[in-house]
file work-v1.txt (compact mmCIF, C-alpha atoms)
# COMPACT_ATOMS: atom_id res chain seq x y z
CA MET A 1 72.99 196.40 46.41
CA LYS A 2 70.48 194.20 48.16
CA GLU A 3 70.36 190.62 46.75
CA GLN A 4 66.94 189.50 45.45
CA PRO A 5 65.64 186.15 46.69
CA PRO A 6 65.31 183.47 44.01
CA THR A 7 61.91 183.14 42.33
CA ILE A 8 60.21 179.82 42.87
CA ILE A 9 57.91 178.67 40.07
CA THR A 10 55.23 176.19 41.03
CA PRO A 11 53.36 173.82 38.60
CA ALA A 12 50.26 175.97 39.03
CA ASP A 13 52.20 179.01 37.82
CA ILE A 14 53.26 177.13 34.70
CA THR A 15 49.76 176.05 33.75
CA GLN A 16 48.34 179.53 34.29
CA SER A 17 51.12 181.49 32.58
CA GLU A 18 51.94 181.94 28.89
CA PRO A 19 53.83 179.14 27.18
CA LEU A 20 57.54 179.23 27.86
CA ILE A 21 58.21 178.98 24.13
CA SER A 22 55.87 180.75 21.78
CA ASN A 23 55.04 179.15 18.45
CA GLU A 24 55.14 182.59 16.90
CA VAL A 25 58.88 183.01 17.31
CA LEU A 26 59.87 179.53 16.21
CA PRO A 27 61.09 179.00 12.67
CA GLU A 28 58.80 177.18 10.26
CA ALA A 29 60.89 174.02 10.36
CA VAL A 30 60.30 173.76 14.10
CA THR A 31 56.57 174.38 13.99
CA THR A 32 56.08 171.83 11.22
CA PRO A 33 54.83 168.59 12.81
CA LEU A 34 57.37 165.79 12.80
CA VAL A 35 56.13 162.85 10.72
CA VAL A 36 56.95 159.53 12.34
CA ASP A 37 56.57 156.30 10.38
CA ASP A 38 53.64 154.33 11.66
CA MET A 39 54.86 150.76 11.92
CA SER A 40 51.29 149.53 12.05
CA ASN A 41 50.97 150.37 8.35
CA ALA A 42 53.92 148.21 7.35
CA GLY A 43 51.67 145.26 6.74
CA ASP A 44 49.33 147.34 4.58
CA SER A 45 52.25 148.54 2.47
CA LYS A 46 53.46 144.97 2.01
CA ALA A 47 49.95 143.84 1.12
CA SER A 48 49.67 146.64 -1.43
CA PHE A 49 52.99 145.63 -3.00
CA THR A 50 51.97 141.98 -3.03
CA THR A 51 48.68 142.76 -4.72
CA LYS A 52 50.36 144.71 -7.49
CA GLN A 53 53.06 142.08 -8.06
CA ALA A 54 50.97 138.95 -7.49
CA GLY A 55 50.00 138.41 -11.10
CA ARG A 56 53.51 138.73 -12.53
CA ARG A 57 55.05 136.75 -9.71
CA GLY A 58 52.55 133.92 -10.21
CA LEU A 59 53.24 133.88 -13.96
CA LEU A 60 57.01 133.62 -13.54
CA LEU A 61 57.20 131.15 -10.66
CA GLY A 62 54.33 129.00 -11.93
CA ALA A 63 56.00 128.69 -15.34
CA ILE A 64 59.36 127.58 -13.93
CA ALA A 65 57.88 125.17 -11.38
CA SER A 66 55.53 123.61 -13.94
CA ALA A 67 58.33 122.82 -16.40
CA ILE A 68 60.15 120.85 -13.69
CA GLN A 69 57.02 119.10 -12.46
CA GLN A 70 55.57 118.14 -15.84
CA THR A 71 58.82 116.69 -17.14
CA ALA A 72 59.12 114.45 -14.07
CA SER A 73 55.49 113.26 -13.96
CA TYR A 74 54.63 112.89 -17.66
CA PRO A 75 55.31 109.10 -17.94
CA PHE A 76 52.41 108.51 -15.52
CA ASP A 77 50.21 110.66 -17.75
CA PHE A 78 51.24 108.62 -20.81
CA LEU A 79 50.25 105.37 -19.09
CA LYS A 80 47.01 106.86 -17.79
CA VAL A 81 45.82 107.92 -21.25
CA ASN A 82 46.59 104.50 -22.73
CA GLU A 83 44.78 102.70 -19.93
CA GLN A 84 41.71 104.91 -20.23
CA LEU A 85 41.30 104.35 -23.97
CA ASN A 86 40.81 101.33 -26.19
CA ASN A 87 44.41 101.62 -27.29
CA PRO A 88 46.07 99.39 -29.91
CA ILE A 89 47.21 96.93 -27.25
CA ARG A 90 43.66 96.02 -26.27
CA GLN A 91 42.27 95.84 -29.80
CA GLY A 92 45.25 94.09 -31.38
CA SER A 93 47.58 95.32 -34.08
CA SER A 94 50.39 94.05 -36.24
CA SER A 95 52.87 94.82 -33.49
CA ASN A 96 50.97 92.91 -30.80
CA SER A 97 50.47 89.24 -30.25
CA THR A 98 46.98 87.84 -30.75
CA THR A 99 46.74 87.08 -27.06
CA HIS A 100 46.28 90.80 -26.43
CA VAL A 101 43.15 91.07 -28.53
CA GLY A 102 40.04 91.77 -26.43
CA ARG A 103 41.97 92.01 -23.18
CA ARG A 104 42.16 95.11 -21.02
CA LEU A 105 45.74 95.40 -19.84
CA GLY A 106 46.80 97.03 -16.61
CA MET A 107 49.36 99.76 -16.09
CA ILE A 108 52.33 97.39 -15.65
CA GLN A 109 51.49 95.40 -18.78
CA ILE A 110 51.07 98.57 -20.84
CA ALA A 111 54.39 99.91 -19.54
CA LYS A 112 56.18 96.65 -20.45
CA HIS A 113 54.65 96.64 -23.93
CA TYR A 114 55.70 100.20 -24.78
CA TYR A 115 59.13 99.75 -23.27
CA LYS A 116 59.77 96.79 -25.60
CA ILE A 117 58.78 98.69 -28.73
CA GLY A 118 60.26 102.09 -27.91
CA GLY A 119 62.63 101.97 -24.96
CA PRO A 120 62.49 104.31 -21.96
CA PHE A 121 61.95 107.49 -23.98
CA VAL A 122 58.67 106.19 -25.37
CA PHE A 123 57.01 107.25 -22.11
CA TRP A 124 57.59 110.87 -23.09
CA ARG A 125 55.84 110.47 -26.47
CA GLY A 126 53.44 113.35 -26.92
CA GLY A 127 55.11 115.02 -23.98
CA LEU A 128 56.47 118.10 -25.73
CA PRO A 129 53.12 119.89 -26.18
CA SER A 130 52.10 118.74 -22.72
CA ILE A 131 55.27 120.08 -21.10
CA LEU A 132 55.18 123.31 -23.13
CA GLY A 133 51.48 123.62 -22.41
CA ALA A 134 52.02 123.10 -18.68
CA ILE A 135 54.08 126.28 -18.52
CA PRO A 136 51.25 128.69 -19.43
CA ARG A 137 48.76 126.49 -17.56
CA CYS A 138 50.52 126.79 -14.24
CA ALA A 139 51.47 130.38 -14.93
CA VAL A 140 47.80 131.29 -15.42
CA ARG A 141 46.73 129.14 -12.45
CA PHE A 142 49.12 130.61 -9.90
CA SER A 143 48.73 134.13 -11.23
CA ILE A 144 44.94 134.03 -10.86
CA PHE A 145 45.20 132.30 -7.47
CA GLU A 146 47.57 134.91 -6.04
CA MET A 147 45.49 137.77 -7.43
CA VAL A 148 42.25 136.39 -5.92
CA MET A 149 43.94 135.66 -2.59
CA ASN A 150 45.13 139.27 -2.40
CA GLN A 151 41.66 140.72 -2.80
CA GLN A 152 41.21 142.17 0.68
CA HIS A 153 37.39 142.18 0.67
CA LEU A 154 37.31 138.38 0.36
CA GLY A 155 38.86 137.98 3.78
CA THR A 156 35.95 139.55 5.66
CA ASN A 157 33.53 136.62 5.47
CA LEU A 158 35.76 133.68 4.55
CA SER A 159 38.31 131.72 6.52
CA LEU A 160 41.76 131.19 5.04
CA ASP A 161 40.89 127.65 3.86
CA GLU A 162 37.61 128.83 2.33
CA LYS A 163 39.43 131.65 0.57
CA ARG A 164 41.98 129.18 -0.81
CA PHE A 165 39.15 126.87 -1.95
CA PHE A 166 37.38 129.70 -3.80
CA ALA A 167 40.59 131.09 -5.33
CA GLY A 168 41.60 127.60 -6.48
CA ALA A 169 38.24 127.05 -8.18
CA VAL A 170 38.48 130.38 -10.03
CA ALA A 171 42.08 129.67 -11.05
CA GLY A 172 41.18 126.17 -12.28
CA GLY A 173 38.27 127.43 -14.37
CA VAL A 174 40.30 130.18 -16.03
CA GLU A 175 43.17 127.78 -16.68
CA ALA A 176 40.85 125.22 -18.30
CA LEU A 177 39.18 127.74 -20.60
CA THR A 178 42.36 129.47 -21.73
CA VAL A 179 45.03 126.76 -21.89
CA ALA A 180 44.27 123.33 -20.39
CA THR A 181 41.61 122.13 -22.84
CA ILE A 182 43.82 122.94 -25.83
CA THR A 183 46.96 121.26 -24.51
CA GLU A 184 45.10 118.22 -23.17
CA THR A 185 43.38 117.65 -26.51
CA ILE A 186 46.65 117.83 -28.42
CA LYS A 187 48.41 115.59 -25.90
CA THR A 188 45.73 112.89 -26.07
CA LYS A 189 45.79 112.80 -29.87
CA LEU A 190 49.58 112.59 -29.97
CA VAL A 191 49.78 109.80 -27.39
CA LEU A 192 47.62 107.67 -29.68
CA GLU A 193 49.15 108.80 -32.98
CA ARG A 194 52.38 107.04 -33.95
CA SER A 195 52.82 108.25 -37.52
CA HIS A 196 53.31 111.96 -36.69
CA PRO A 197 56.13 112.58 -34.21
CA ASN A 198 56.14 116.22 -35.39
CA PHE A 199 53.17 117.63 -33.50
CA LEU A 200 53.04 120.84 -35.59
CA LEU A 201 52.53 118.77 -38.73
CA TYR A 202 49.92 116.70 -36.96
CA LEU A 203 48.04 119.83 -35.87
CA LYS A 204 47.89 121.10 -39.44
CA GLU A 205 46.51 117.79 -40.71
CA SER A 206 44.01 117.61 -37.85
CA ILE A 207 42.71 121.12 -38.52
CA ASP A 208 42.26 120.28 -42.20
CA ARG A 209 40.44 117.07 -41.33
CA ILE A 210 38.13 117.97 -38.41
CA GLY A 211 38.39 121.73 -38.01
CA VAL A 212 39.81 124.09 -35.39
CA ARG A 213 37.19 123.58 -32.67
CA ARG A 214 37.42 119.79 -32.60
CA THR A 215 41.20 119.91 -32.84
CA PHE A 216 41.66 122.16 -29.83
CA TYR A 217 38.45 122.18 -27.76
CA GLN A 218 37.14 118.65 -27.59
CA GLY A 219 36.15 117.68 -24.05
CA ALA A 220 35.96 121.29 -22.83
CA THR A 221 33.05 120.73 -20.42
CA PRO A 222 34.54 117.86 -18.39
CA THR A 223 37.92 119.62 -18.46
CA VAL A 224 36.52 122.80 -16.89
CA ILE A 225 34.59 120.84 -14.22
CA LYS A 226 37.60 118.68 -13.43
CA GLN A 227 40.03 121.60 -13.18
CA MET A 228 37.76 123.66 -10.91
CA ILE A 229 37.30 120.74 -8.49
CA ASN A 230 40.96 119.75 -8.78
CA HIS A 231 42.48 123.07 -7.86
CA SER A 232 39.93 124.10 -5.27
CA MET A 233 40.77 120.92 -3.35
CA ARG A 234 44.50 120.91 -4.10
CA PHE A 235 45.12 124.48 -2.98
CA SER A 236 42.96 124.27 0.14
CA VAL A 237 43.96 120.76 1.31
CA THR A 238 47.66 120.93 0.40
CA LEU A 239 48.29 124.37 1.89
CA HIS A 240 46.26 123.57 5.03
CA LEU A 241 48.25 120.36 5.60
CA ARG A 242 51.54 122.13 4.87
CA ASP A 243 50.81 124.79 7.49
CA LEU A 244 49.73 122.10 9.95
CA PHE A 245 52.83 119.95 9.34
CA ILE A 246 55.18 122.92 9.68
CA GLN A 247 53.48 123.99 12.90
CA LYS A 248 53.87 120.49 14.40
CA TRP A 249 57.17 119.28 12.94
CA GLY A 250 58.82 122.41 11.58
CA ASP A 251 61.63 122.20 14.12
CA GLN A 252 62.45 118.60 13.11
CA TYR A 253 62.14 118.64 9.31
CA SER A 254 62.68 121.17 6.55
CA ALA A 255 59.73 123.12 5.16
CA ALA A 256 60.42 121.67 1.70
CA PHE A 257 60.13 118.08 2.94
CA LEU A 258 56.90 118.84 4.81
CA THR A 259 55.48 120.56 1.71
CA ILE A 260 56.25 117.43 -0.33
CA CYS A 261 54.38 115.30 2.22
CA ALA A 262 51.43 117.69 2.20
CA GLY A 263 51.41 117.61 -1.61
CA LEU A 264 51.16 113.82 -1.65
CA PHE A 265 48.03 113.92 0.52
CA GLY A 266 46.61 116.97 -1.24
CA GLY A 267 47.08 115.39 -4.66
CA ALA A 268 45.41 112.15 -3.63
CA SER A 269 42.44 113.93 -2.01
CA CYS A 270 40.81 114.98 -5.30
CA ILE A 271 41.41 111.83 -7.36
CA ILE A 272 38.23 109.91 -6.48
CA VAL A 273 36.02 112.94 -7.14
CA THR A 274 37.55 114.02 -10.44
CA GLN A 275 38.57 110.69 -12.03
CA PRO A 276 35.23 110.18 -13.88
CA PHE A 277 35.57 113.62 -15.49
CA ASP A 278 39.15 112.82 -16.47
CA VAL A 279 38.08 109.59 -18.19
CA LEU A 280 35.29 111.39 -20.09
CA LYS A 281 37.68 114.18 -21.08
CA THR A 282 40.25 111.74 -22.43
CA ARG A 283 37.72 109.73 -24.43
CA MET A 284 36.15 112.83 -25.96
CA GLN A 285 39.55 114.29 -26.84
CA SER A 286 40.58 111.03 -28.52
CA GLY A 287 37.83 111.57 -31.10
CA GLU A 288 34.81 109.85 -29.55
CA SER A 289 31.72 111.53 -30.96
CA GLY A 290 28.82 113.07 -29.07
CA SER A 291 28.38 115.23 -26.01
CA MET A 292 29.67 114.53 -22.52
CA VAL A 293 26.34 112.95 -21.53
CA GLN A 294 26.32 110.67 -24.57
CA CYS A 295 29.91 109.66 -23.89
CA MET A 296 28.99 108.97 -20.27
CA ASN A 297 26.06 106.74 -21.29
CA ARG A 298 28.21 104.71 -23.70
CA LEU A 299 30.95 104.26 -21.11
CA TYR A 300 28.48 103.08 -18.46
CA LYS A 301 26.73 100.73 -20.89
CA HIS A 302 29.93 98.93 -21.87
CA HIS A 303 31.96 99.05 -18.65
CA GLY A 304 29.67 100.05 -15.78
CA ILE A 305 30.89 102.20 -12.88
CA ARG A 306 34.33 100.63 -13.19
CA GLY A 307 34.80 102.31 -16.56
CA PHE A 308 34.79 105.76 -14.93
CA TYR A 309 37.90 104.81 -12.98
CA PHE A 310 40.10 103.48 -15.77
CA GLY A 311 43.60 104.84 -15.36
CA LEU A 312 43.13 105.52 -11.65
CA VAL A 313 46.47 104.06 -10.54
CA PRO A 314 48.79 105.91 -12.96
CA ARG A 315 46.81 109.14 -12.54
CA THR A 316 47.09 108.87 -8.75
CA GLY A 317 50.87 108.50 -9.05
CA ARG A 318 51.11 111.41 -11.48
CA VAL A 319 48.93 113.79 -9.47
CA MET A 320 50.64 113.05 -6.16
CA MET A 321 54.04 113.64 -7.75
CA GLU A 322 52.78 116.71 -9.60
CA VAL A 323 51.33 118.47 -6.57
CA SER A 324 54.23 117.71 -4.23
CA ILE A 325 56.88 118.87 -6.75
CA LEU A 326 54.90 121.90 -7.96
CA TYR A 327 54.08 123.42 -4.59
CA THR A 328 57.52 122.74 -3.17
CA CYS A 329 59.27 124.30 -6.18
CA TYR A 330 56.94 127.30 -6.07
CA ASP A 331 57.75 128.10 -2.43
CA LEU A 332 61.49 127.58 -2.98
CA LEU A 333 61.52 129.72 -6.12
CA LYS A 334 59.52 132.41 -4.35
CA LYS A 335 62.21 132.63 -1.71
CA LEU A 336 65.10 132.35 -4.19
CA VAL A 337 63.87 134.83 -6.81
CA TYR A 338 62.02 137.36 -4.66
CA GLY A 339 63.61 136.76 -1.25
CA ASP A 340 60.09 136.34 0.10
CA GLU A 341 59.94 134.15 3.21
CA GLU A 342 56.12 134.13 3.14
CA ARG A 343 54.81 130.88 1.67
CA LEU A 344 52.00 130.52 -0.84

call {"tool": "encode", "arguments": {"input": "work-v1.txt", "output": "structure tokens"}}
result
Amino acid sequence: MKEQPPTIITPADITQSEPLISNEVLPEAVTTPLVVDDMSNAGDSKASFTTKQAGRRGLLLGAIASAIQQTASYPFDFLKVNEQLNNPIRQGSSSNSTTHVGRRLGMIQIAKHYYKIGGPFVFWRGGLPSILGAIPRCAVRFSIFEMVMNQQHLGTNLSLDEKRFFAGAVAGGVEALTVATITETIKTKLVLERSHPNFLLYLKESIDRIGVRRTFYQGATPTVIKQMINHSMRFSVTLHLRDLFIQKWGDQYSAAFLTICAGLFGGASCIIVTQPFDVLKTRMQSGESGSMVQCMNRLYKHHGIRGFYFGLVPRTGRVMMEVSILYTCYDLLKKLVYGDEERL
């Protein structure tokens, strides 16, 4: 039998001929297109998860971080309130020497006075409602901030810092309306009230005497303005500086240390702007009658511009400590609880 020569198939023959494997004879599993994970969508999936979990994550981490921060910084708040008001030291009382009458004492003198009459724990007087109130305050603040930051349509026209500024303002306003005004009013009254260490009893007596609105919502207007300015600046400045510090010195220092440094600067950045509103808020919450404008006119008439900056030194110390501790704890807790390396 004569041997046939081998058939040579050229590329042209392949393109012109029928497919070597027909789709008609393949089983369905073979003809079904193979789905390959698109790694480009990984970020979208993560963003979707973050958006859904942002509110609950902010509530949990903000609550834990705020309890730590408020406990550490409250003594500065105690001194600030006393310096901003015509407290018993300045006006004289049975427990004060006559040399104190008519004098405005500074932070150090006020601290010495209260230490003598109450020891070190006196600086936490009125602190329980403030510390308990700080938990829902920060929970609401960080929850709203994370939810606003995860709104994708905001990123189209705003830079990251602008987005942080806007989200901080929204978070501060919501916090002030829902929690901050109530807790600040109670705190201010308790700092000045010595005869009612039980704040629940004091609340009941205050409601009976001046009503619910004046007990819980005095000074609401300056509180809302102050909180919106505060947190728009704190979030934008602190987080911008933290990112900058980590970019420059991240290989030399820990992220936690650099966040503390950024918090010190971020906390101090808003003090000058918001201090007048803080003074007005404190005076109105202490029981001073009239609107914010009337309170402002009385303060200027008696003390001039200087009066709007009473309590500046202790508030500066408190805010710098508050911001540095709060933001550092939040990032650390975020990593510890959720295993999330991404910072706020």

call {"tool": "atom_distance", "arguments": {"input": "work-v1.txt", "atom1": "CA of Val237 (chain A)", "atom2": "CA of Gly266 (chain A)"}}
result
5.3 Å

call {"tool": "atom_distance", "arguments": {"input": "work-v1.txt", "atom1": "CA of Lys204 (chain A)", "atom2": "CA of Leu132 (chain A)"}}
result
18.0 Å

call {"tool": "atom_distance", "arguments": {"input": "work-v1.txt", "atom1": "CA of Gly339 (chain A)", "atom2": "CA of Leu154 (chain A)"}}
result
26.4 Å

call {"tool": "axis_aligned_box", "arguments": {"input": "work-v1.txt", "around": "region 148-164 of chain A", "padding_each_side": "6 Å", "output": "lines of an AutoDock Vina configuration file"}}
result
center_x = 39.3
center_y = 134.9
center_z = 0.3
size_x = 23.6
size_y = 26.5
size_z = 24.4

call {"tool": "closest_residue", "arguments": {"input": "work-v1.txt", "among": "A:Lys189, A:Arg283, A:Lys112, A:Lys163", "to": "Gly126 (chain A)", "atoms": "only C-alpha atoms"}}
result
A:Lys189

call {"tool": "residues_near_point", "arguments": {"input": "work-v1.txt", "point": "(50.0, 120.8, -16.4)", "cutoff": "9 Å", "atoms": "only C-alpha atoms", "output": "list in words"}}
result
Ser66, Ala67, Gln69, Gln70, Ser130, Ile131, Leu132, Gly133, Ala134, Ile135, Pro136, Arg137, Cys138, Ala180, Thr183, Glu184 and Glu322 of chain A

call {"tool": "closest_residue", "arguments": {"input": "work-v1.txt", "among": "A:Arg214, A:Pro75, A:Gln84, A:Gly127", "to": "Tyr115 (chain A)", "atoms": "all atoms listed in the file"}}
result
A:Pro75

call {"tool": "decode", "arguments": {"input": "work-v1.txt", "residues": "region 236-263 of chain A", "atoms": "C-alpha atoms", "output": "mmCIF file, in the first residue's frame"}}
result
data_model
loop_
_atom_site.group_PDB
_atom_site.id
_atom_site.type_symbol
_atom_site.label_atom_id
_atom_site.label_comp_id
_atom_site.auth_asym_id
_atom_site.auth_seq_id
_atom_site.Cartn_x
_atom_site.Cartn_y
_atom_site.Cartn_z
ATOM 1 C CA SER A 236 -9.886 68.880 58.334
ATOM 2 C CA VAL A 237 -6.781 70.336 60.038
ATOM 3 C CA THR A 238 -5.974 67.367 62.293
ATOM 4 C CA LEU A 239 -6.374 64.702 59.612
ATOM 5 C CA HIS A 240 -4.490 66.783 57.015
ATOM 6 C CA LEU A 241 -1.568 67.281 59.414
ATOM 7 C CA ARG A 242 -1.623 63.618 60.430
ATOM 8 C CA ASP A 243 -1.356 62.497 56.805
ATOM 9 C CA LEU A 244 1.399 65.047 56.196
ATOM 10 C CA PHE A 245 3.375 64.010 59.294
ATOM 11 C CA ILE A 246 3.093 60.308 58.468
ATOM 12 C CA GLN A 247 4.211 60.958 54.896
ATOM 13 C CA LYS A 248 7.299 62.869 56.086
ATOM 14 C CA TRP A 249 8.242 61.089 59.311
ATOM 15 C CA GLY A 250 6.323 57.821 59.194
ATOM 16 C CA ASP A 251 9.518 55.792 58.943
ATOM 17 C CA GLN A 252 10.976 57.437 62.073
ATOM 18 C CA TYR A 253 8.003 57.648 64.446
ATOM 19 C CA SER A 254 4.864 55.617 65.093
ATOM 20 C CA ALA A 255 1.575 56.658 63.523
ATOM 21 C CA ALA A 256 0.042 57.034 66.993
ATOM 22 C CA PHE A 257 2.698 59.537 68.089
ATOM 23 C CA LEU A 258 2.320 61.559 64.885
ATOM 24 C CA THR A 259 -1.472 61.565 65.299
ATOM 25 C CA ILE A 260 -1.046 62.948 68.830
ATOM 26 C CA CYS A 261 1.150 65.750 67.465
ATOM 27 C CA ALA A 262 -1.354 66.516 64.718
ATOM 28 C CA GLY A 263 -4.151 66.569 67.312
#
